[in-house]
Amino acid sequence: MKKKLKILLAADSYLLLGTGMMIPVYAIFVERIGGDILDASWAWAIFSAVSGILMIIIGKWEDRNKHYERMLFFGFLLRSFAFFGYFFVSNTFQLFGTQILLGISMAMSGPAYDAMYSKNLDHGKFASEWGAWEAMNMIVAAVAAIIGGLIVTYFSFKALFIIMFIIGLIGTFFSFLLLRKPR
């Protein structure tokens with residue numbers, strides 16, 4: 001596996017860890033800020049719609065401009081700050097705004113990540129190298145679910161959001177390594 005793929009996997013694993021810590025306790029958080037199941041559904045729909053629509057637009061722009069490393073870095077950075085944004089959420093409208101930021105961050109980083117990952121695959125190892133990403137995704141999701149639940153149970157949602165922010169910044173740092181020009 002090429003070094004660039006290893007860095008991509010490392011960077012993404014941290015962002016997935018941050019995201020995954022929130023997913024199992026998301027509906028409880030929405031309830032704690034005064035929302036209900038329908039609000040949680042709307043928030044997820046807003047995130048999904050924003051990221052989906054913008055992925056089409058940003059993906060086409062990326063095909064022309066090839067700024068993958070920068071888009072990945074800024075997308076990961078924005079996602080980290082969106083994680084921190086949860087710290088300040090006290091009602092569903094603020095939650096919807098945070099979900100919009102997350103959607104934008106996913107639209108920035110998703111197509112760039114996939115393009116970079118695909119571009120750096122070893123020919124003849126497509127299944128195993130995409131399998132490495134899929135495995136990392138699922139294993140990190142399993143670990144994140146437990147960690148997120150433990151943090152909220154024994155500490156608080158506020159502690160979770162600070163930890164998500166820090167973990168997101170670690171992943172962003174790894175993506176920063178991809179901005180350096182090879183010698």
# chains A, B, ... in the order shown; residues from 1 in each chain; ligands from 1

$ closest_atom_pairs --of "segment 123-164 of chain A" --to "segment 10-25 of chain A" --cutoff "10 Å" --atoms "only C-alpha atoms" --output "CSV"
residue,atom,partner,partner_atom,distance
A:Trp133,CA,A:Ser13,CA,9.0
A:Met136,CA,A:Ser13,CA,6.9
A:Asn137,CA,A:Ser13,CA,7.0
A:Met138,CA,A:Leu16,CA,9.5
A:Ile139,CA,A:Ser13,CA,9.4
A:Val140,CA,A:Leu17,CA,5.8
A:Ala141,CA,A:Gly20,CA,5.3
A:Ala142,CA,A:Gly20,CA,8.1
A:Val143,CA,A:Leu17,CA,7.7
A:Ala144,CA,A:Met21,CA,4.5
A:Ala145,CA,A:Met21,CA,5.1
A:Ile146,CA,A:Met21,CA,7.5
A:Ile147,CA,A:Met21,CA,6.3
A:Gly148,CA,A:Met21,CA,4.0
A:Gly149,CA,A:Val25,CA,6.7
A:Leu150,CA,A:Met21,CA,9.4
A:Ile151,CA,A:Met21,CA,8.8
A:Val152,CA,A:Val25,CA,8.1
A:Thr153,CA,A:Val25,CA,9.9
A:Phe157,CA,A:Met22,CA,9.0
A:Leu160,CA,A:Met21,CA,7.8
A:Phe161,CA,A:Met22,CA,8.4
A:Ile162,CA,A:Gly18,CA,9.9
A:Ile163,CA,A:Gly18,CA,7.7
A:Met164,CA,A:Gly18,CA,4.5

$ write_last_selection --atoms "N, CA and C atoms" --output "mmCIF file, in the first residue's frame"
data_model
loop_
_atom_site.group_PDB
_atom_site.id
_atom_site.type_symbol
_atom_site.label_atom_id
_atom_site.label_comp_id
_atom_site.auth_asym_id
_atom_site.auth_seq_id
_atom_site.Cartn_x
_atom_site.Cartn_y
_atom_site.Cartn_z
ATOM 1 N N TRP A 133 -10.168 0.259 3.371
ATOM 2 C CA TRP A 133 -10.973 1.410 3.774
ATOM 3 C C TRP A 133 -12.278 0.945 4.406
ATOM 4 N N MET A 136 -11.585 -0.475 7.866
ATOM 5 C CA MET A 136 -11.275 0.610 8.794
ATOM 6 C C MET A 136 -12.554 1.343 9.183
ATOM 7 N N ASN A 137 -13.398 1.618 8.225
ATOM 8 C CA ASN A 137 -14.658 2.318 8.462
ATOM 9 C C ASN A 137 -15.515 1.568 9.479
ATOM 10 N N MET A 138 -15.681 0.280 9.294
ATOM 11 C CA MET A 138 -16.544 -0.507 10.171
ATOM 12 C C MET A 138 -15.919 -0.706 11.555
ATOM 13 N N ILE A 139 -14.632 -0.966 11.607
ATOM 14 C CA ILE A 139 -13.961 -1.166 12.901
ATOM 15 C C ILE A 139 -13.962 0.129 13.702
ATOM 16 N N VAL A 140 -13.652 1.245 13.048
ATOM 17 C CA VAL A 140 -13.675 2.539 13.734
ATOM 18 C C VAL A 140 -15.095 2.851 14.205
ATOM 19 N N ALA A 141 -16.109 2.537 13.408
ATOM 20 C CA ALA A 141 -17.498 2.783 13.812
ATOM 21 C C ALA A 141 -17.846 1.986 15.074
ATOM 22 N N ALA A 142 -17.382 0.754 15.144
ATOM 23 C CA ALA A 142 -17.652 -0.075 16.324
ATOM 24 C C ALA A 142 -16.986 0.509 17.560
ATOM 25 N N VAL A 143 -15.734 0.876 17.444
ATOM 26 C CA VAL A 143 -15.001 1.461 18.570
ATOM 27 C C VAL A 143 -15.621 2.799 18.957
ATOM 28 N N ALA A 144 -15.956 3.613 17.965
ATOM 29 C CA ALA A 144 -16.527 4.937 18.225
ATOM 30 C C ALA A 144 -17.857 4.840 18.966
ATOM 31 N N ALA A 145 -18.684 3.882 18.609
ATOM 32 C CA ALA A 145 -19.987 3.729 19.258
ATOM 33 C C ALA A 145 -19.819 3.486 20.755
ATOM 34 N N ILE A 146 -18.881 2.628 21.102
ATOM 35 C CA ILE A 146 -18.632 2.323 22.516
ATOM 36 C C ILE A 146 -18.049 3.542 23.237
ATOM 37 N N ILE A 147 -17.030 4.160 22.623
ATOM 38 C CA ILE A 147 -16.385 5.318 23.252
ATOM 39 C C ILE A 147 -17.381 6.460 23.451
ATOM 40 N N GLY A 148 -18.165 6.755 22.424
ATOM 41 C CA GLY A 148 -19.148 7.828 22.542
ATOM 42 C C GLY A 148 -20.150 7.568 23.653
ATOM 43 N N GLY A 149 -20.644 6.349 23.719
ATOM 44 C CA GLY A 149 -21.592 5.991 24.779
ATOM 45 C C GLY A 149 -20.972 6.106 26.161
ATOM 46 N N LEU A 150 -19.727 5.674 26.299
ATOM 47 C CA LEU A 150 -19.041 5.769 27.589
ATOM 48 C C LEU A 150 -18.829 7.225 28.004
ATOM 49 N N ILE A 151 -18.404 8.046 27.065
ATOM 50 C CA ILE A 151 -18.150 9.458 27.389
ATOM 51 C C ILE A 151 -19.432 10.145 27.855
ATOM 52 N N VAL A 152 -20.524 9.935 27.129
ATOM 53 C CA VAL A 152 -21.783 10.582 27.507
ATOM 54 C C VAL A 152 -22.305 10.019 28.829
ATOM 55 N N THR A 153 -22.160 8.717 29.030
ATOM 56 C CA THR A 153 -22.642 8.091 30.266
ATOM 57 C C THR A 153 -21.874 8.581 31.487
ATOM 58 N N PHE A 157 -22.392 15.270 27.284
ATOM 59 C CA PHE A 157 -22.355 15.574 25.855
ATOM 60 C C PHE A 157 -21.308 16.641 25.571
ATOM 61 N N LEU A 160 -18.084 15.075 25.217
ATOM 62 C CA LEU A 160 -18.047 14.350 23.946
ATOM 63 C C LEU A 160 -17.698 15.292 22.802
ATOM 64 N N PHE A 161 -18.321 16.449 22.776
ATOM 65 C CA PHE A 161 -18.096 17.378 21.667
ATOM 66 C C PHE A 161 -16.673 17.929 21.661
ATOM 67 N N ILE A 162 -16.120 18.168 22.821
ATOM 68 C CA ILE A 162 -14.729 18.630 22.885
ATOM 69 C C ILE A 162 -13.791 17.530 22.399
ATOM 70 N N ILE A 163 -14.050 16.306 22.810
ATOM 71 C CA ILE A 163 -13.219 15.177 22.376
ATOM 72 C C ILE A 163 -13.367 14.959 20.865
ATOM 73 N N MET A 164 -14.584 15.066 20.345
ATOM 74 C CA MET A 164 -14.794 14.939 18.899
ATOM 75 C C MET A 164 -13.996 16.001 18.156
#

$ closest_atom_pairs --of "segment 102-142 of chain A" --to "segment 169-176 of chain A" --cutoff "12 Å" --atoms "only C-alpha atoms" --output "JSON lines"
{"residue": "A:Ser105", "atom": "CA", "partner": "A:Thr172", "partner_atom": "CA", "distance": 11.9}
{"residue": "A:Ser109", "atom": "CA", "partner": "A:Ser175", "partner_atom": "CA", "distance": 10.2}
{"residue": "A:Ala112", "atom": "CA", "partner": "A:Ser175", "partner_atom": "CA", "distance": 11.2}
{"residue": "A:Tyr113", "atom": "CA", "partner": "A:Ser175", "partner_atom": "CA", "distance": 9.8}
{"residue": "A:Met116", "atom": "CA", "partner": "A:Ser175", "partner_atom": "CA", "distance": 11.3}

$ residues_around --residues "Thr98 of chain A" --least-positions-apart "6" --cutoff "9 Å" --atoms "only C-alpha atoms" --output "PyMOL selection string"
chain A and resi 43+47+82-83+85-86+89

$ write_last_selection --atoms "N, CA and C atoms" --output "mmCIF file, in the first residue's frame"
data_model
loop_
_atom_site.group_PDB
_atom_site.id
_atom_site.type_symbol
_atom_site.label_atom_id
_atom_site.label_comp_id
_atom_site.auth_asym_id
_atom_site.auth_seq_id
_atom_site.Cartn_x
_atom_site.Cartn_y
_atom_site.Cartn_z
ATOM 1 N N ALA A 43 -33.007 16.885 11.129
ATOM 2 C CA ALA A 43 -31.591 17.255 11.201
ATOM 3 C C ALA A 43 -30.753 16.340 10.310
ATOM 4 N N PHE A 47 -28.643 17.446 6.844
ATOM 5 C CA PHE A 47 -27.244 17.065 6.610
ATOM 6 C C PHE A 47 -27.099 16.299 5.297
ATOM 7 N N ALA A 82 -17.359 21.953 13.079
ATOM 8 C CA ALA A 82 -18.775 21.618 13.209
ATOM 9 C C ALA A 82 -18.980 20.708 14.428
ATOM 10 N N PHE A 83 -18.038 19.771 14.661
ATOM 11 C CA PHE A 83 -18.110 18.953 15.877
ATOM 12 C C PHE A 83 -18.129 19.872 17.106
ATOM 13 N N GLY A 85 -19.090 22.871 17.149
ATOM 14 C CA GLY A 85 -20.342 23.614 17.121
ATOM 15 C C GLY A 85 -21.440 22.957 17.937
ATOM 16 N N TYR A 86 -21.432 21.621 18.015
ATOM 17 C CA TYR A 86 -22.425 20.928 18.849
ATOM 18 C C TYR A 86 -22.362 21.394 20.301
ATOM 19 N N VAL A 89 -24.862 24.107 20.792
ATOM 20 C CA VAL A 89 -26.236 23.873 20.360
ATOM 21 C C VAL A 89 -27.146 23.735 21.577
#

$ closest_residue --among "A:Glu129, A:Asp122, A:Asp36, A:Asp114" --to "Asp63 of chain A" --atoms "only C-alpha atoms"
A:Asp114

$ atom_distance --atom1 "atom CA of Asn91 of chain A" --atom2 "atom CA of Leu54 of chain A"
25.3 Å
